[in-house]
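J.: The structure follows.
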Amino acid sequence: MSKLLVLALNEQEEKAIDKIIMAISDCIQLEPIQVAPVSILSFPGLEIRQHQRRVLQDGKEIHLTHLEYSTLVLLASNPGIVLTRTQIFEAVWNMDSDSYHSSVVNVIYNMRKKIEPDSR
């Protein structure tokens with residue numbers, strides 16, 4: 001019977017686990033899985049819990065579409081960096097396109113209406 005173990009680790013703990021796994025990998029068969037890092041992006045009044053795919057504004061959950069959420073995470077992960085519409089489109093939609101302008105603008109507009117108090 002297979003058992004699944006899920007752990008939430010900080011960086012130091014993750015390094016220790018990696019060393020343990022390397023040491024025992026010859027003795028047991030491990031099935032690779034994709035691990036999502038536990039990460040929380042915090043800003044005044046806004047918290048993005050990436051491991052839960054949740055956005056909280058002043059403790060209250062804000063419901064975003066997949067594209068709005070992905071755009072918010074991209075922008076929040078790059079504070080102080082100006083990203084072009086093309087860069088946002090290619091990162092969030094994961095494709096190249098010449099007709100990206102309206103898609104990016106609409107998603108950002110809708111996202112801002114939900115999380116910015118003065119744009120509601």
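Just so we're on the same page: first chain in the structure tokens is A, next is B, and so on; residues restart at 1 for each chain, and ligands are numbered from 1 in the order they show up.
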Near Glu116 in chain A, within 12 Å and counting only C-alpha atoms, which residues show up once chain neighbours fewer than 3 positions away are dropped, as a compact mmCIF listing (two decimals) with N, CA and C atoms, in the first residue's frame?

T.:
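Final output, out_34.txt:
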# COMPACT_ATOMS: atom_id res chain seq x y z
N PRO A 44 0.51 45.74 2.88
CA PRO A 44 -0.43 46.34 3.82
C PRO A 44 -1.88 46.11 3.39
N GLY A 45 -2.63 45.38 4.22
CA GLY A 45 -4.03 45.11 3.95
C GLY A 45 -4.30 44.00 2.96
N LEU A 46 -3.24 43.40 2.38
CA LEU A 46 -3.44 42.36 1.36
C LEU A 46 -2.49 41.20 1.61
N GLN A 57 -8.03 40.36 1.83
CA GLN A 57 -7.88 41.80 1.98
C GLN A 57 -8.46 42.16 3.33
N ASP A 58 -7.60 42.65 4.22
CA ASP A 58 -8.00 42.96 5.60
C ASP A 58 -8.69 41.76 6.24
N ILE A 62 -11.01 37.53 -1.02
CA ILE A 62 -11.38 38.14 -2.29
C ILE A 62 -11.36 37.04 -3.34
N ILE A 108 -6.63 43.00 -15.62
CA ILE A 108 -6.11 43.90 -14.60
C ILE A 108 -7.21 44.84 -14.10
N TYR A 109 -8.04 45.34 -14.99
CA TYR A 109 -9.16 46.20 -14.59
C TYR A 109 -10.09 45.47 -13.61
N ASN A 110 -10.48 44.25 -13.94
CA ASN A 110 -11.39 43.48 -13.08
C ASN A 110 -10.74 43.14 -11.74
N MET A 111 -9.46 42.79 -11.76
CA MET A 111 -8.74 42.46 -10.54
C MET A 111 -8.67 43.69 -9.64
N ARG A 112 -8.34 44.84 -10.19
CA ARG A 112 -8.23 46.07 -9.40
C ARG A 112 -9.57 46.47 -8.79
N LYS A 113 -10.67 46.26 -9.50
CA LYS A 113 -11.99 46.56 -8.94
C LYS A 113 -12.24 45.74 -7.67
N SER A 119 -11.47 51.80 -6.28
CA SER A 119 -11.89 51.51 -7.66
C SER A 119 -13.18 50.69 -7.72
N ARG A 120 -13.83 50.51 -6.59
CA ARG A 120 -15.08 49.73 -6.57
C ARG A 120 -16.25 50.57 -6.98

J.: Considering only C-alpha atoms, return as a list in words whatever protein or nucleic-acid residues lie within 8 Å of Leu41 in chain A, sequence-local ones (same chain, fewer than 5 positions apart) excluded.

T.: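 My list of contacting residues is Glu47, Ile48, Arg49, Gln50, Ala76 and Ser77 of chain A.
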
J.: Compare A:Ala16, A:Ile88, A:Ile115, A:Val55 by their minimum atom-to-atom distance to Thr71 in chain A, counting only C-alpha atoms, and give me the closest one.

T.: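 With only C-alpha atoms as the atom set, the closest residue is A:Ile88.
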
J.: Pick the closest to Val104 in chain A from A:Arg85, A:Ala91, A:Asp118, A:Pro79: which is it, counting only C-alpha atoms?

T.: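 Under the stated criterion, the closest residue is A:Arg85.
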
J.: Grab the CA of His66 in chain A to CA of Gly80 in chain A distance for me, in Å with one decimal place.

T.: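 If I compute the distance from CA of His66 in chain A to CA of Gly80 in chain A, I get 23.3 Å.
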
J.: In Å, how far is it from CA of Cys27 in chain A to CA of Lys15 in chain A?

T.: 19.7 Å

J.: In Å, rounded to a single decimal, give me how far CA of Ser39 in chain A is from CA of Thr86 in chain A.

T.: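 Going from CA of Thr86 in chain A over to CA of Ser39 in chain A covers 25.8 Å.
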